[in-house]
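Visitor: Here you go, this is data-v8.cif (mmCIF, C-alpha atoms and all ligand atoms).
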```cif
data_input
#
loop_
_atom_site.group_PDB
_atom_site.id
_atom_site.type_symbol
_atom_site.label_atom_id
_atom_site.label_comp_id
_atom_site.auth_asym_id
_atom_site.auth_seq_id
_atom_site.Cartn_x
_atom_site.Cartn_y
_atom_site.Cartn_z
ATOM 1 C CA MET A 1 20.458 39.784 -12.284
ATOM 2 C CA HIS A 2 24.026 38.518 -12.474
ATOM 3 C CA THR A 3 23.044 34.900 -12.987
ATOM 4 C CA MET A 4 20.490 35.863 -15.660
ATOM 5 C CA HIS A 5 23.157 37.750 -17.482
ATOM 6 C CA ARG A 6 25.660 34.923 -17.241
ATOM 7 C CA LYS A 7 23.067 32.418 -18.455
ATOM 8 C CA ARG A 8 22.265 34.499 -21.539
ATOM 9 C CA MET A 9 25.944 34.881 -22.298
ATOM 10 C CA MET A 10 26.421 31.162 -21.993
ATOM 11 C CA LEU A 11 23.484 30.351 -24.279
ATOM 12 C CA VAL A 12 24.801 32.645 -26.965
ATOM 13 C CA THR A 13 28.171 30.935 -27.018
ATOM 14 C CA LEU A 14 26.834 27.344 -26.933
ATOM 15 C CA PRO A 15 26.208 25.318 -30.101
ATOM 16 C CA PRO A 16 22.528 24.854 -31.129
ATOM 17 C CA LEU A 17 22.403 21.159 -30.256
ATOM 18 C CA VAL A 18 23.414 21.826 -26.650
ATOM 19 C CA ILE A 19 20.913 24.658 -26.437
ATOM 20 C CA SER A 20 18.031 22.466 -27.562
ATOM 21 C CA LEU A 21 19.166 19.774 -25.140
ATOM 22 C CA LEU A 22 19.183 22.334 -22.318
ATOM 23 C CA LEU A 23 15.751 23.613 -23.307
ATOM 24 C CA PHE A 24 14.465 20.056 -23.416
ATOM 25 C CA ILE A 25 15.769 19.328 -19.900
ATOM 26 C CA ILE A 26 14.319 22.553 -18.535
ATOM 27 C CA PHE A 27 10.954 21.886 -20.185
ATOM 28 C CA PHE A 28 10.896 18.265 -18.998
ATOM 29 C CA ASN A 29 11.691 19.217 -15.405
ATOM 30 C CA VAL A 30 9.034 21.885 -15.362
ATOM 31 C CA GLN A 31 6.496 19.408 -16.723
ATOM 32 C CA VAL A 32 7.327 16.844 -14.067
ATOM 33 C CA ILE A 33 7.099 19.396 -11.277
ATOM 34 C CA ARG A 34 3.850 20.864 -12.570
ATOM 35 C CA SER A 35 2.071 17.564 -13.096
ATOM 36 C CA PRO A 36 0.580 16.662 -9.701
ATOM 37 C CA LEU A 37 -0.622 13.240 -10.842
ATOM 38 C CA ILE A 38 2.743 11.646 -11.509
ATOM 39 C CA PRO A 39 4.521 12.205 -8.179
ATOM 40 C CA SER A 40 1.489 11.808 -5.920
ATOM 41 C CA SER A 41 0.278 8.509 -7.385
ATOM 42 C CA LYS A 42 3.831 7.193 -7.214
ATOM 43 C CA THR A 43 4.038 8.220 -3.560
ATOM 44 C CA ILE A 44 0.798 6.442 -2.735
ATOM 45 C CA ILE A 45 1.895 3.226 -4.434
ATOM 46 C CA LEU A 46 5.230 3.310 -2.636
ATOM 47 C CA GLN A 47 4.013 4.221 0.814
ATOM 48 C CA THR A 48 0.567 2.672 1.350
ATOM 49 C CA GLN A 49 1.315 -0.468 3.279
ATOM 50 C CA PHE A 50 -2.068 -1.816 4.270
ATOM 51 C CA SER A 51 -5.800 -1.198 4.048
ATOM 52 C CA LEU A 52 -8.261 -0.742 6.880
ATOM 53 C CA LEU A 53 -12.037 -0.574 7.024
ATOM 54 C CA ILE A 54 -13.478 1.236 10.034
ATOM 55 C CA GLY A 55 -17.128 0.352 10.506
ATOM 56 C CA ILE A 56 -18.904 2.689 12.876
ATOM 57 C CA LEU A 57 -21.929 0.906 14.291
ATOM 58 C CA THR A 58 -24.738 3.405 14.598
ATOM 59 C CA ARG A 59 -28.494 3.756 14.160
ATOM 60 C CA VAL A 60 -30.358 4.682 11.000
ATOM 61 C CA ASP A 61 -31.980 7.774 12.500
ATOM 62 C CA ASN A 62 -28.722 9.360 13.719
ATOM 63 C CA TYR A 63 -28.496 11.540 10.597
ATOM 64 C CA ASN A 64 -26.924 14.576 12.247
ATOM 65 C CA HIS A 65 -24.344 12.556 14.091
ATOM 66 C CA ARG A 66 -23.261 10.818 10.874
ATOM 67 C CA HIS A 67 -22.883 14.233 9.300
ATOM 68 C CA PHE A 68 -20.613 15.279 12.175
ATOM 69 C CA LEU A 69 -18.534 12.086 12.015
ATOM 70 C CA ARG A 70 -18.090 12.521 8.251
ATOM 71 C CA LEU A 71 -16.455 15.849 9.039
ATOM 72 C CA ILE A 72 -14.276 14.268 11.725
ATOM 73 C CA TYR A 73 -12.998 11.486 9.455
ATOM 74 C CA GLY A 74 -13.175 13.398 6.186
ATOM 75 C CA ILE A 75 -10.398 15.740 7.357
ATOM 76 C CA GLN A 76 -8.063 12.919 8.414
ATOM 77 C CA SER A 77 -5.895 10.494 6.489
ATOM 78 C CA SER A 78 -2.662 8.559 6.718
ATOM 79 C CA PRO A 79 -0.023 8.231 4.002
ATOM 80 C CA ILE A 80 0.805 4.673 5.020
ATOM 81 C CA ALA A 81 -2.706 3.210 5.037
ATOM 82 C CA LYS A 82 -5.756 3.191 2.812
ATOM 83 C CA ILE A 83 -8.506 3.806 5.362
ATOM 84 C CA ASP A 84 -12.227 3.685 4.576
ATOM 85 C CA VAL A 85 -14.772 4.749 7.173
ATOM 86 C CA LYS A 86 -18.291 3.379 6.796
ATOM 87 C CA PHE A 87 -21.473 3.539 8.843
ATOM 88 C CA VAL A 88 -23.153 0.292 9.741
ATOM 89 C CA PHE A 89 -26.747 -0.325 10.781
ATOM 90 C CA CYS A 90 -29.546 -2.868 10.559
ATOM 91 C CA ASN A 91 -32.623 -2.957 8.351
ATOM 92 C CA LEU A 92 -34.535 0.230 7.614
ATOM 93 C CA THR A 93 -37.882 0.342 9.370
ATOM 94 C CA LYS A 94 -39.629 3.604 8.383
ATOM 95 C CA PRO A 95 -40.753 4.760 4.928
ATOM 96 C CA GLU A 96 -38.783 8.036 4.952
ATOM 97 C CA GLN A 97 -35.547 6.207 5.739
ATOM 98 C CA ARG A 98 -35.456 4.700 2.254
ATOM 99 C CA ILE A 99 -35.290 8.165 0.734
ATOM 100 C CA LEU A 100 -32.927 9.756 3.238
ATOM 101 C CA ILE A 101 -30.501 6.835 3.369
ATOM 102 C CA SER A 102 -30.569 6.583 -0.423
ATOM 103 C CA LEU A 103 -29.492 10.219 -0.590
ATOM 104 C CA GLU A 104 -26.594 9.504 1.765
ATOM 105 C CA ILE A 105 -25.554 6.500 -0.311
ATOM 106 C CA LEU A 106 -25.706 8.521 -3.528
ATOM 107 C CA ARG A 107 -23.669 11.334 -2.022
ATOM 108 C CA PHE A 108 -21.181 9.459 0.208
ATOM 109 C CA ASN A 109 -21.352 5.736 -0.598
ATOM 110 C CA ASP A 110 -20.276 4.999 2.974
ATOM 111 C CA ILE A 111 -23.170 2.961 4.348
ATOM 112 C CA ILE A 112 -23.493 -0.743 5.054
ATOM 113 C CA ILE A 113 -27.010 -2.005 5.796
ATOM 114 C CA LEU A 114 -27.002 -5.358 7.563
ATOM 115 C CA ASN A 115 -29.761 -7.914 7.472
ATOM 116 C CA CYS A 116 -30.753 -7.613 11.127
ATOM 117 C CA THR A 117 -33.139 -5.848 13.463
ATOM 118 C CA GLU A 118 -31.479 -2.959 15.308
ATOM 119 C CA ASN A 119 -29.875 -4.149 18.553
ATOM 120 C CA MET A 120 -26.806 -3.728 20.672
ATOM 121 C CA ASN A 121 -26.082 -7.140 22.108
ATOM 122 C CA ASN A 122 -28.197 -9.395 19.951
ATOM 123 C CA GLY A 123 -25.698 -10.221 17.297
ATOM 124 C CA LYS A 124 -25.182 -7.006 15.335
ATOM 125 C CA THR A 125 -21.410 -7.298 15.668
ATOM 126 C CA TYR A 126 -21.588 -10.929 14.545
ATOM 127 C CA THR A 127 -23.738 -9.947 11.553
ATOM 128 C CA TYR A 128 -21.316 -7.114 10.774
ATOM 129 C CA PHE A 129 -18.174 -9.239 10.599
ATOM 130 C CA SER A 130 -19.794 -12.293 9.059
ATOM 131 C CA SER A 131 -21.480 -10.231 6.288
ATOM 132 C CA LEU A 132 -18.393 -8.300 5.223
ATOM 133 C CA PRO A 133 -16.779 -10.924 2.960
ATOM 134 C CA HIS A 134 -20.090 -11.062 1.028
ATOM 135 C CA VAL A 135 -20.989 -7.375 0.859
ATOM 136 C CA LEU A 136 -17.620 -5.687 0.317
ATOM 137 C CA PRO A 137 -16.277 -5.254 -3.200
ATOM 138 C CA HIS A 138 -12.784 -6.191 -2.017
ATOM 139 C CA LYS A 139 -11.022 -7.377 1.104
ATOM 140 C CA TYR A 140 -9.099 -5.225 3.562
ATOM 141 C CA ASP A 141 -6.040 -6.145 5.602
ATOM 142 C CA TYR A 142 -7.829 -5.074 8.762
ATOM 143 C CA VAL A 143 -11.407 -4.434 9.813
ATOM 144 C CA MET A 144 -12.324 -2.330 12.815
ATOM 145 C CA LYS A 145 -15.580 -2.112 14.702
ATOM 146 C CA ALA A 146 -16.026 1.269 16.364
ATOM 147 C CA ASP A 147 -18.676 2.994 18.437
ATOM 148 C CA ASP A 148 -20.142 6.297 17.281
ATOM 149 C CA ASP A 149 -19.061 8.076 20.503
ATOM 150 C CA VAL A 150 -15.349 7.551 19.943
ATOM 151 C CA PHE A 151 -12.818 9.880 18.337
ATOM 152 C CA ILE A 152 -10.221 7.908 16.402
ATOM 153 C CA ARG A 153 -7.045 9.599 15.194
ATOM 154 C CA LEU A 154 -6.256 7.902 11.914
ATOM 155 C CA GLU A 155 -2.588 8.797 11.609
ATOM 156 C CA PRO A 156 -1.522 7.489 15.054
ATOM 157 C CA LEU A 157 -3.764 4.460 14.518
ATOM 158 C CA ALA A 158 -2.045 3.631 11.215
ATOM 159 C CA LEU A 159 1.408 4.157 12.714
ATOM 160 C CA SER A 160 0.587 1.804 15.582
ATOM 161 C CA LEU A 161 -0.502 -0.901 13.113
ATOM 162 C CA LYS A 162 2.497 -0.539 10.842
ATOM 163 C CA PRO A 163 4.853 -2.879 12.759
ATOM 164 C CA LEU A 164 2.140 -5.395 13.712
ATOM 165 C CA PRO A 165 1.317 -8.715 11.992
ATOM 166 C CA ARG A 166 -1.183 -8.561 9.126
ATOM 167 C CA VAL A 167 -2.776 -11.899 10.089
ATOM 168 C CA ASP A 168 -4.315 -13.464 13.195
ATOM 169 C CA LEU A 169 -4.330 -10.050 14.881
ATOM 170 C CA TYR A 170 -6.759 -8.789 17.539
ATOM 171 C CA TYR A 171 -6.091 -5.172 18.485
ATOM 172 C CA GLY A 172 -7.776 -2.717 20.844
ATOM 173 C CA PHE A 173 -8.145 -1.694 24.467
ATOM 174 C CA VAL A 174 -8.061 -4.765 26.680
ATOM 175 C CA ILE A 175 -10.661 -5.288 29.398
ATOM 176 C CA PRO A 176 -10.356 -5.238 32.414
ATOM 177 C CA CYS A 177 -9.456 -1.555 32.427
ATOM 178 C CA ALA A 178 -6.329 -1.862 34.538
ATOM 179 C CA SER A 179 -4.939 -4.907 32.702
ATOM 180 C CA MET A 180 -1.944 -4.672 30.422
ATOM 181 C CA ASN A 181 -2.239 -8.285 29.239
ATOM 182 C CA PRO A 182 -3.958 -8.476 25.811
ATOM 183 C CA PHE A 183 -4.625 -12.206 26.278
ATOM 184 C CA VAL A 184 -6.538 -11.897 29.547
ATOM 185 C CA GLU A 185 -10.099 -11.280 28.279
ATOM 186 C CA TYR A 186 -11.296 -9.208 25.328
ATOM 187 C CA MET A 187 -10.942 -5.819 23.614
ATOM 188 C CA SER A 188 -13.401 -3.058 24.522
ATOM 189 C CA GLY A 189 -16.221 -2.322 22.081
ATOM 190 C CA MET A 190 -15.100 1.330 21.824
ATOM 191 C CA GLY A 191 -12.970 0.222 18.885
ATOM 192 C CA PHE A 192 -11.300 -3.094 18.182
ATOM 193 C CA LEU A 193 -9.698 -4.451 15.092
ATOM 194 C CA LEU A 194 -9.342 -7.861 13.467
ATOM 195 C CA SER A 195 -7.148 -8.984 10.606
ATOM 196 C CA TRP A 196 -9.045 -10.152 7.502
ATOM 197 C CA ASP A 197 -8.399 -13.862 8.126
ATOM 198 C CA LEU A 198 -10.233 -13.554 11.460
ATOM 199 C CA VAL A 199 -13.134 -11.725 9.801
ATOM 200 C CA GLU A 200 -13.449 -14.634 7.365
ATOM 201 C CA TRP A 201 -13.160 -17.129 10.206
ATOM 202 C CA ILE A 202 -16.070 -15.443 12.054
ATOM 203 C CA GLY A 203 -18.205 -15.843 8.940
ATOM 204 C CA GLU A 204 -17.318 -19.493 8.428
ATOM 205 C CA SER A 205 -16.889 -21.022 11.881
ATOM 206 C CA ASP A 206 -19.729 -22.591 13.892
ATOM 207 C CA ILE A 207 -18.319 -21.134 17.117
ATOM 208 C CA PRO A 208 -19.539 -17.524 16.680
ATOM 209 C CA ARG A 209 -22.785 -18.644 15.057
ATOM 210 C CA GLU A 210 -23.690 -20.585 18.178
ATOM 211 C CA GLU A 211 -22.599 -17.819 20.566
ATOM 212 C CA MET A 212 -24.106 -14.754 18.921
ATOM 213 C CA PHE A 213 -25.925 -13.204 21.841
ATOM 214 C CA GLY A 214 -24.377 -11.291 24.724
ATOM 215 C CA PRO A 215 -22.206 -8.197 25.250
ATOM 216 C CA GLU A 216 -20.825 -7.776 21.735
ATOM 217 C CA ASP A 217 -17.196 -7.046 22.618
ATOM 218 C CA LYS A 218 -16.992 -9.801 25.216
ATOM 219 C CA MET A 219 -18.422 -12.335 22.760
ATOM 220 C CA VAL A 220 -15.712 -11.617 20.192
ATOM 221 C CA GLY A 221 -13.061 -12.362 22.837
ATOM 222 C CA LYS A 222 -14.882 -15.562 23.722
ATOM 223 C CA TRP A 223 -15.092 -16.787 20.102
ATOM 224 C CA LEU A 224 -11.408 -16.177 19.523
ATOM 225 C CA LYS A 225 -10.516 -17.993 22.728
ATOM 226 C CA MET A 226 -12.734 -20.977 21.911
ATOM 227 C CA GLY A 227 -11.361 -21.107 18.382
ATOM 228 C CA ARG A 228 -7.773 -20.718 19.603
ATOM 229 C CA LYS A 229 -7.482 -17.731 17.315
ATOM 230 C CA ALA A 230 -5.727 -14.359 17.497
ATOM 231 C CA LYS A 231 -2.273 -15.483 18.535
ATOM 232 C CA ASN A 232 -1.220 -11.920 17.814
ATOM 233 C CA ARG A 233 -2.741 -9.382 20.152
ATOM 234 C CA PHE A 234 -2.046 -5.769 20.882
ATOM 235 C CA SER A 235 -3.665 -3.668 23.583
ATOM 236 C CA ASN A 236 -2.922 -0.058 22.823
ATOM 237 C CA LYS A 237 -2.751 1.516 26.272
ATOM 238 C CA PRO A 238 -2.444 4.302 27.229
ATOM 239 C CA ALA A 239 -3.209 5.533 23.666
ATOM 240 C CA MET A 240 -6.818 4.281 23.821
ATOM 241 C CA TYR A 241 -9.061 5.208 26.742
ATOM 242 C CA ASP A 242 -12.350 6.595 27.977
ATOM 243 C CA TYR A 243 -12.812 10.337 28.315
ATOM 244 C CA PRO A 244 -11.372 11.670 31.608
ATOM 245 C CA GLY A 245 -13.542 10.964 34.619
ATOM 246 C CA THR A 246 -16.216 8.936 32.829
ATOM 247 C CA ASN A 247 -15.262 5.321 33.535
ATOM 248 C CA GLY A 248 -12.958 4.641 36.479
ATOM 249 C CA LYS A 249 -9.691 3.003 35.520
ATOM 250 C CA CYS A 250 -10.642 2.962 31.818
ATOM 251 C CA SER A 251 -10.359 6.788 31.874
ATOM 252 C CA HIS A 252 -7.357 9.052 32.100
ATOM 253 C CA GLU A 253 -6.375 12.571 31.057
ATOM 254 C CA LEU A 254 -6.024 13.401 27.363
ATOM 255 C CA ILE A 255 -2.499 12.673 26.107
ATOM 256 C CA PRO A 256 -0.721 13.741 22.886
ATOM 257 C CA GLU A 257 -0.064 10.164 21.673
ATOM 258 C CA THR A 258 -3.797 9.305 21.624
ATOM 259 C CA VAL A 259 -5.255 6.832 19.134
ATOM 260 C CA ALA A 260 -8.850 6.813 20.442
ATOM 261 C CA VAL A 261 -10.941 8.581 23.091
ATOM 262 C CA HIS A 262 -14.272 7.020 23.971
ATOM 263 C CA ARG A 263 -17.498 8.168 25.654
ATOM 264 C CA LEU A 264 -17.849 11.424 23.795
ATOM 265 C CA LYS A 265 -21.541 11.584 24.395
ATOM 266 C CA ARG A 266 -21.740 15.362 24.805
ATOM 267 C CA TRP A 267 -20.695 18.326 22.704
ATOM 268 C CA ASP A 268 -18.505 19.789 25.455
ATOM 269 C CA ARG A 269 -16.431 16.585 25.415
ATOM 270 C CA TRP A 270 -16.084 16.575 21.623
ATOM 271 C CA SER A 271 -15.031 20.213 21.592
ATOM 272 C CA HIS A 272 -12.556 19.680 24.435
ATOM 273 C CA VAL A 273 -10.989 16.754 22.578
ATOM 274 C CA LEU A 274 -10.847 18.511 19.192
ATOM 275 C CA GLU A 275 -9.296 21.536 20.832
ATOM 276 C CA PHE A 276 -6.730 19.483 22.728
ATOM 277 C CA PHE A 277 -5.545 17.798 19.515
ATOM 278 C CA ASN A 278 -5.396 21.114 17.642
ATOM 279 C CA VAL A 279 -7.740 19.747 14.980
ATOM 280 C CA THR A 280 -9.079 23.157 13.969
ATOM 281 C CA LYS A 281 -6.196 25.295 15.194
ATOM 282 C CA GLN A 282 -4.994 26.616 11.821
ATOM 283 C CA VAL A 283 -8.502 27.780 10.849
ATOM 284 C CA LEU A 284 -10.069 30.148 13.373
HETATM 285 C C1 LIG B 1 -32.316 -11.885 6.424
HETATM 286 O O1 LIG B 1 -32.639 -12.336 7.706
HETATM 287 C C2 LIG B 1 -33.865 -13.019 7.745
HETATM 288 C C3 LIG B 1 -34.215 -13.279 9.189
HETATM 289 O O2 LIG B 1 -33.107 -13.723 9.924
HETATM 290 C C4 LIG B 1 -33.756 -14.278 6.909
HETATM 291 O O3 LIG B 1 -34.969 -14.996 6.930
HETATM 292 C C5 LIG B 1 -33.403 -13.892 5.482
HETATM 293 O O4 LIG B 1 -33.181 -15.052 4.704
HETATM 294 C C6 LIG B 1 -32.183 -13.033 5.432
HETATM 295 N N1 LIG B 1 -31.993 -12.500 4.104
HETATM 296 C C7 LIG B 1 -30.836 -12.529 3.486
HETATM 297 C C8 LIG B 1 -30.809 -11.901 2.137
HETATM 298 O O5 LIG B 1 -29.846 -13.005 3.958
HETATM 299 C C1 LIG B 2 -34.513 -7.019 6.534
HETATM 300 O O1 LIG B 2 -35.162 -6.532 5.366
HETATM 301 C C2 LIG B 2 -35.207 -7.472 4.304
HETATM 302 C C3 LIG B 2 -35.734 -6.760 3.100
HETATM 303 O O2 LIG B 2 -36.848 -5.983 3.425
HETATM 304 C C4 LIG B 2 -36.045 -8.661 4.753
HETATM 305 O O3 LIG B 2 -36.081 -9.613 3.717
HETATM 306 C C5 LIG B 2 -35.416 -9.271 5.976
HETATM 307 O O4 LIG B 2 -36.207 -10.328 6.470
HETATM 308 C C6 LIG B 2 -35.228 -8.257 7.082
HETATM 309 N N1 LIG B 2 -34.451 -8.864 8.124
HETATM 310 C C7 LIG B 2 -34.753 -8.794 9.406
HETATM 311 C C8 LIG B 2 -33.852 -9.526 10.325
HETATM 312 O O5 LIG B 2 -35.717 -8.175 9.801
HETATM 313 C C1 LIG B 3 -1.259 21.812 20.180
HETATM 314 O O1 LIG B 3 -0.568 22.995 19.863
HETATM 315 C C2 LIG B 3 0.159 23.529 20.985
HETATM 316 C C3 LIG B 3 0.700 24.885 20.590
HETATM 317 O O2 LIG B 3 1.393 24.799 19.377
HETATM 318 C C4 LIG B 3 1.251 22.553 21.371
HETATM 319 O O3 LIG B 3 1.960 23.039 22.457
HETATM 320 C C5 LIG B 3 0.600 21.227 21.738
HETATM 321 O O4 LIG B 3 1.598 20.262 22.009
HETATM 322 C C6 LIG B 3 -0.284 20.717 20.622
HETATM 323 N N1 LIG B 3 -1.041 19.572 21.120
HETATM 324 C C7 LIG B 3 -0.959 18.353 20.583
HETATM 325 C C8 LIG B 3 -1.748 17.291 21.237
HETATM 326 O O5 LIG B 3 -0.287 18.100 19.593
#
```
Re-express the file's structure as structure tokens.
Guide:
Amino acid sequence: MHTMHRKRMMLVTLPPLVISLLLFIIFFNVQVIRSPLIPSSKTIILQTQFSLLIGILTRVDNYNHRHFLRLIYGIQSSPIAKIDVKFVFCNLTKPEQRILISLEILRFNDIIILNCTENMNNGKTYTYFSSLPHVLPHKYDYVMKADDDVFIRLEPLALSLKPLPRVDLYYGFVIPCASMNPFVEYMSGMGFLLSWDLVEWIGESDIPREEMFGPEDKMVGKWLKMGRKAKNRFSNKPAMYDYPGTNGKCSHELIPETVAVHRLKRWDRWSHVLEFFNVTKQVL
């Protein structure tokens, strides 16, 4: 009340030019505050530091699971990274798939169909990485390959990548389970990441082309070793791991600083994990 009164008194005694100037400033400020586009787009330009494609390798017929994973990743984001999540599978094989997958593409535009026959260790990961430079509309700084039974927390993932090199990088959970040396063998197929230069190298080099078949994660480690690539490596332990009690020394208890939990093959595990990380806490 007092301030209002003082303000009105002040306005009355001020010359018209100052009043219009004041009104202009007030109006301008209000406009800036009310317009959500101006500050938010500025923030994104200032803060987004890199881009990441997460390709979840899955099967065409896993419709319900894709729906679930779209919820899981649709509610996450990171202010420092532009992260796209896409589902990756081989050629369609049944008539109804053309219709159903077309609907998903129309609605979500998050599907990559590779020119291959569905397989696990017969070169799907090779086809995935080597196709990307041709099928993507633009490059990314990083490309990840992830399983469909892993929960990835995008914000901690982005934060862990922030200080790392943008080139010649191989990131993940190093195998063997107990090892802390990222150069010893290879990164587990649960979710590993390559910088874009390595994705291009996989598409161009003869080394991967001649060593396509075998355990997909192990083969990637082998190619990089043979090609003397990935001088920069980062094994994110203990932040990446298998669900407690499912895989010996690759497993441990859930921890707050988690980036990825793997082997979520059952609903009770998914719900335990989502509950632990308070994903739905504010809602019900
Ligand atoms: C798809 O793969 C088949 C079999 O490997 C090959 O014959 C064909 O040329 C490929 N098509 C394209 C568009 O790459
Ligand atoms: C995948 O489908 C395309 C188009 O139908 C076909 O040309 C190609 O040979 C198929 N590739 C494989 C590996 O089956
Ligand atoms: C979840 O919320 C509880 C209660 O606020 C808190 O104590 C706990 O640290 C949170 N868990 C994580 C992983 O952030």
Visitor: Would you mind listing the residues within 9 Å of ligand LIG 1 (chain B), counting all atoms listed in the file, as an NGL selection string?
Guide: :A and (114-117)
Visitor: Using all atoms listed in the file, pick whichever of A:Gly55, A:Pro156, A:Gly214, A:Gly227 has the shortest atom-to-atom distance to ligand LIG 3 (chain B).
Guide: A:Pro156
Visitor: Dump the neighbourhood of ligand LIG 2 (chain B) as a PyMOL selection string: all residues within 12 Å, distances computed on only C-alpha atoms and all ligand atoms.
Guide: chain A and resi 89-95+98+113-119+122-124+127
Visitor: Produce a file of the selected residues containing C-alpha atoms, as a PDB file, in the coordinates of the input.
Guide:
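New file result-v5.pdb:
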```pdb
ATOM      1  CA  PHE A  89     -26.747  -0.325  10.781  1.00  0.00           C
ATOM      2  CA  CYS A  90     -29.546  -2.868  10.559  1.00  0.00           C
ATOM      3  CA  ASN A  91     -32.623  -2.957   8.351  1.00  0.00           C
ATOM      4  CA  LEU A  92     -34.535   0.230   7.614  1.00  0.00           C
ATOM      5  CA  THR A  93     -37.882   0.342   9.370  1.00  0.00           C
ATOM      6  CA  LYS A  94     -39.629   3.604   8.383  1.00  0.00           C
ATOM      7  CA  PRO A  95     -40.753   4.760   4.928  1.00  0.00           C
ATOM      8  CA  ARG A  98     -35.456   4.700   2.254  1.00  0.00           C
ATOM      9  CA  ILE A 113     -27.010  -2.005   5.796  1.00  0.00           C
ATOM     10  CA  LEU A 114     -27.002  -5.358   7.563  1.00  0.00           C
ATOM     11  CA  ASN A 115     -29.761  -7.914   7.472  1.00  0.00           C
ATOM     12  CA  CYS A 116     -30.753  -7.613  11.127  1.00  0.00           C
ATOM     13  CA  THR A 117     -33.139  -5.848  13.463  1.00  0.00           C
ATOM     14  CA  GLU A 118     -31.479  -2.959  15.308  1.00  0.00           C
ATOM     15  CA  ASN A 119     -29.875  -4.149  18.553  1.00  0.00           C
ATOM     16  CA  ASN A 122     -28.197  -9.395  19.951  1.00  0.00           C
ATOM     17  CA  GLY A 123     -25.698 -10.221  17.297  1.00  0.00           C
ATOM     18  CA  LYS A 124     -25.182  -7.006  15.335  1.00  0.00           C
ATOM     19  CA  THR A 127     -23.738  -9.947  11.553  1.00  0.00           C
TER      20      THR A 127
END
```
Visitor: Hey, what's within 10 Å of segment 228-232 of chain A if we count only C-alpha atoms and toss same-chain stuff fewer than 6 positions away? As a JSON list (two decimals) with C-alpha atoms, in the coordinates of the input, please?
Guide:
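Writing done, so here's selection.json:
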```
[["chain", "number", "residue", "atom", "x", "y", "z"],
["A", 164, "LEU", "CA", 2.14, -5.40, 13.71],
["A", 165, "PRO", "CA", 1.32, -8.72, 11.99],
["A", 166, "ARG", "CA", -1.18, -8.56, 9.13],
["A", 167, "VAL", "CA", -2.78, -11.90, 10.09],
["A", 168, "ASP", "CA", -4.32, -13.46, 13.20],
["A", 169, "LEU", "CA", -4.33, -10.05, 14.88],
["A", 170, "TYR", "CA", -6.76, -8.79, 17.54],
["A", 171, "TYR", "CA", -6.09, -5.17, 18.48],
["A", 182, "PRO", "CA", -3.96, -8.48, 25.81],
["A", 183, "PHE", "CA", -4.62, -12.21, 26.28],
["A", 194, "LEU", "CA", -9.34, -7.86, 13.47],
["A", 195, "SER", "CA", -7.15, -8.98, 10.61],
["A", 197, "ASP", "CA", -8.40, -13.86, 8.13],
["A", 198, "LEU", "CA", -10.23, -13.55, 11.46],
["A", 201, "TRP", "CA", -13.16, -17.13, 10.21],
["A", 221, "GLY", "CA", -13.06, -12.36, 22.84],
["A", 222, "LYS", "CA", -14.88, -15.56, 23.72]]
```
Visitor: Using all atoms listed in the file, which residues of the polymer chains come no farther than 8 Å from ligand LIG 3 (chain B)? I'd like the answer as a list in words.
Guide: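 Listing the residues within 8 Å of ligand LIG 3 (chain B) gives Ile255, Pro256, Glu257, Phe276, Phe277, Asn278 and Lys281 of chain A.
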Visitor: In Å to one decimal, how far is atom CA of Asp148 of chain A from atom CA of Asn62 of chain A?
Guide: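 If I compute the distance from atom CA of Asn62 of chain A to atom CA of Asp148 of chain A, I get 9.8 Å.
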Visitor: Please evaluate the PyMOL selection byres (((chain A and resi 209) around 12) and not hetatm) against the structure above and give the resulting residues as an MDAnalysis selection string.
Guide: chainID A and resid 122:127 129:130 201:208 210:213 219:220 223
Visitor: Applied to the shown file, which residues does the PyMOL selection byres (((chain A and resi 254) around 10) and not hetatm) return, written as a PyMOL selection string?
Guide: chain A and resi 238-244+251-253+255-258+260-261+272-273+276-277
Visitor: Record the distance separating atom CA of Arg233 of chain A and atom CA of Ala158 of chain A, expressed in Å with one decimal.
Guide: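 Separating atom CA of Arg233 of chain A from atom CA of Ala158 of chain A is a distance of 15.8 Å.
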Visitor: Padding of 8 Å on every side, edges along x, y and z, all listed atoms of segment 103-115 of chain A included: what centre and edge lengths in Å, to one decimal, does that box have, as AutoDock Vina command-line options?
Guide:
```
--center_x -25.0 --center_y 1.7 --center_z 2.0 --size_x 25.5 --size_y 35.2 --size_z 27.1
```
Visitor: Taking into account only C-alpha atoms, which residue in the set A:Ile101, A:Asn109, A:Cys177, A:Glu200 is nearest to His134 of chain A?
Guide: A:Glu200
Visitor: When you count only C-alpha atoms, which of these residues is closest to Lys162 of chain A: A:Ile80, A:Leu57, A:Ala146, A:Ile111?
Guide: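 Answer, going by the shortest atom-to-atom distance: A:Ile80.
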Visitor: Compare A:Arg107, A:Lys265, A:His138, A:Arg66 by their minimum atom-to-atom distance to Phe87 of chain A, counting only C-alpha atoms, and give me the closest one.
Guide: A:Arg66
Visitor: Could you check how far atom CA of Lys249 of chain A sits from atom CA of Met144 of chain A, in Å to one decimal?
Guide: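 Atom-to-atom, atom CA of Lys249 of chain A to atom CA of Met144 of chain A, that is 23.5 Å.
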